[in-house]
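Please read the structure below before turning to the comments.
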Amino acid sequence: MTSSELWTRATADRYDAEETEMSSAAVLGPTLDFLAELAGDGRALEFAIGTGRVGVPLRERGVPVVGVELSEHMAAVLRNKVDEETLPVVIGDMATTVVPGGFALVYLVYNTITNLLTQDEQVECFRNAARHLEPGGRFVVELGVPPLRFLPPGQVAVPFDVSEQHLGFDTFDLVEQVLVSHHLTRDGDDGRYRRDNSRHRYAWPAELDLMARIAGLERERRVGDWDGAPFTRDSAKHVSVWRKPA
């Protein structure tokens, strides 16, 4: 079903080391507070749980978490942190994989819905979330706003990180609504850089709202970050919450 690109073993093994900022207390604290409040006393399902950056500490908060992950290599890294009984993970794609039972919360963090490279698959992801939600449950997506305002006529690339250890920029296909993230990462102390890239289908907030309506979900709120900052025309990303009617 899915067109997502698979994470390799090498990428999975170095993922946590390269995402230390996203795993910091400053980032994770508001994220976990937000998700734990929505989950309440219910279970949470994380689509594309990866190495468990969010799912593992959320489970430590007392929220029962189940994960869906396409890459067996990413799931293997998670399994080194927590056992299957404590945090079950089902290998499969987030658009079609079904996990037994109902959930108070289904969530997707860190732009992961863009790993689905077609609009149809993204719609199916919303439908799959709705399928798992109990009445009154919520679906949460964290997603960047496409930075197309930074594209002057004739330009197709936008830098997102220029630092000593990493150079990152996105190139855009405006017709197919696909971007490619390019990474040049310093690899060792000899000055060499490792080059990686990944494809993503970007989507606007209003487009996600329509996907939610197709899936029978109603938008509850949209904020500019996990700390609840207002979502404005200048926001670089959004955290959106849709609710399954009771």
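Scheme for the structure tokens: letters A, B, ... for chains in order shown; per-chain residue numbers from 1; ligand numbers from 1 in order shown.
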
Do a neighbour search on region 208-220 of chain A at 8 Å with only C-alpha atoms, toss out local chain neighbours closer than 3 positions, and write the hits as a compact mmCIF listing (two decimals) with C-alpha atoms, in the first residue's frame.
```txt
# COMPACT_ATOMS: atom_id res chain seq x y z
CA GLN A 122 -2.49 10.37 3.34
CA VAL A 123 -6.30 10.23 3.22
CA PHE A 126 -6.66 9.64 8.40
CA ARG A 127 -9.19 6.90 7.81
CA ALA A 130 -10.42 7.17 12.71
CA ALA A 203 0.36 19.19 2.60
CA TRP A 204 -1.27 22.41 3.74
CA PRO A 205 -3.25 22.64 7.01
CA SER A 240 -3.50 19.91 14.85
CA VAL A 241 -6.11 17.92 16.77
CA TRP A 242 -9.18 16.28 15.21
CA ARG A 243 -11.87 14.54 17.23
CA LYS A 244 -14.00 11.54 16.43
CA PRO A 245 -17.61 12.42 17.27
```

task: Using only C-alpha atoms, determine which residues lie at most 9 Å from region 190-195 of chain A, disregarding the query and same-chain residues fewer than 5 positions distant; provide the list as a count of residues only.
output: 6

message: I'd like the contact shell of Leu143 (chain A) - 12 Å cut-off, only C-alpha atoms, skipping same-chain residues fewer than 4 positions apart - returned as a ChimeraX atom specification.
response: /A:107-115,147,200-205,208,222-226,235-241

- request: Among the residues of region 40-220 of chain A, find those DSSP assigns to strand (DSSP E) from the backbone and print them as a ChimeraX atom specification.
  value: /A:44-47,65-69,89-91,103-108,133-144,157-162,166-173,178-186,193-201,218-220

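CA of Asp161 (chain A) to CA of Gly52 (chain A) spans 24.0 Å [interatomic distance, one decimal].
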
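The neighbours of Ala157 (chain A) here are the residues that come within 10 Å of it, using only C-alpha atoms and leaving out any residue fewer than 5 positions away in the same chain; they are Leu148, Phe150, Leu151, Pro152, Phe169, Asp170, Thr171, Phe172, Asp173, Leu179, Val180, Ser181 and His182 of chain A.
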
How about saving the chosen residues, N, CA and C atoms kept, as a short mmCIF file (atom, residue, chain, number, x, y, z; two decimals), in the first residue's frame?
```cif
data_model
loop_
_atom_site.label_atom_id
_atom_site.label_comp_id
_atom_site.auth_asym_id
_atom_site.auth_seq_id
_atom_site.Cartn_x
_atom_site.Cartn_y
_atom_site.Cartn_z
N LEU A 148 6.98 27.75 1.14
CA LEU A 148 7.03 28.17 -0.26
C LEU A 148 7.18 29.68 -0.41
N PHE A 150 9.47 31.31 0.71
CA PHE A 150 10.90 31.57 0.57
C PHE A 150 11.41 31.27 -0.84
N LEU A 151 10.50 30.86 -1.73
CA LEU A 151 10.90 30.51 -3.09
C LEU A 151 10.63 31.69 -4.03
N PRO A 152 11.66 32.46 -4.41
CA PRO A 152 11.45 33.47 -5.45
C PRO A 152 11.30 32.80 -6.80
N PHE A 169 18.82 21.28 3.04
CA PHE A 169 17.95 22.10 2.21
C PHE A 169 16.92 21.22 1.52
N ASP A 170 15.77 21.81 1.24
CA ASP A 170 14.69 21.11 0.56
C ASP A 170 14.56 21.64 -0.86
N THR A 171 14.32 20.73 -1.81
CA THR A 171 13.97 21.11 -3.16
C THR A 171 12.52 20.71 -3.42
N PHE A 172 11.81 21.51 -4.22
CA PHE A 172 10.37 21.37 -4.35
C PHE A 172 9.94 21.09 -5.79
N ASP A 173 9.04 20.13 -5.93
CA ASP A 173 8.31 19.92 -7.17
C ASP A 173 6.91 20.47 -6.92
N LEU A 179 8.53 17.27 -1.98
CA LEU A 179 9.82 17.88 -1.70
C LEU A 179 10.84 16.79 -1.41
N VAL A 180 12.08 17.10 -1.68
CA VAL A 180 13.20 16.22 -1.34
C VAL A 180 14.07 16.94 -0.34
N SER A 181 14.27 16.33 0.83
CA SER A 181 15.16 16.88 1.84
C SER A 181 16.57 16.35 1.61
N HIS A 182 17.52 17.27 1.46
CA HIS A 182 18.92 16.91 1.21
C HIS A 182 19.72 17.22 2.47
#
```

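Using only C-alpha atoms, the smallest distance between any of A:Leu32, A:Ser198, A:Ala75, A:Gly40 and Pro57 (chain A) comes from A:Leu32.
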
- request: List every residue of region 75-167 of chain A that DSSP, applied to the backbone of this structure, assigns to helix (DSSP H, G or I), and report them as a VMD selection string.
  value: chain A and resid 75 to 79 112 to 115 119 to 132 148 to 150

Env of Cys125 (chain A): 7 Å cut, atoms = only C-alpha atoms, seq-sep filter 3 positions within chain, self excluded. Answer as a PDB file with C-alpha atoms, in the first residue's frame.
```pdb
ATOM      1  CA  MET A  94       0.366   3.684   8.896  1.00  0.00           C
ATOM      2  CA  ALA A  95      -2.217   3.877   6.118  1.00  0.00           C
ATOM      3  CA  GLU A 121      -2.349   7.357   1.049  1.00  0.00           C
ATOM      4  CA  GLN A 122      -2.494  10.368   3.335  1.00  0.00           C
ATOM      5  CA  ASN A 128      -6.955   4.437   9.601  1.00  0.00           C
ATOM      6  CA  ALA A 129      -6.643   6.785  12.564  1.00  0.00           C
TER       7      ALA A 129
END
```

- prompt: Counting only C-alpha atoms, what is within 9 Å of Leu38 (chain A), bar same-chain residues fewer than 6 positions away, as an MDAnalysis selection string?
  reply: chainID A and resid 104:105 137:138

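Each of A:Glu134, A:Glu124, A:Glu46, A:Glu164 was checked against Val89 (chain A) using only C-alpha atoms; the smallest atom-to-atom distance is that of A:Glu46.
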
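Put simply, CA of Ser71 (chain A) is 16.2 Å away from CA of Val98 (chain A).
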
message: Could you list, as number ranges by chain, every residue within 7 Å of Ile91 (chain A), counting only C-alpha atoms and ignoring same-chain residues fewer than 3 positions away?
response: A: 68-70, 72

task: Rank nothing, just name the residue among A:Ser163, A:Gly62, A:Met74, A:Ala246 nearest to Ala10 (chain A), using only C-alpha atoms.
output: A:Met74

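With CA of Ala39 (chain A) on one side and CA of Val141 (chain A) on the other, the separation reads 14.2 Å.
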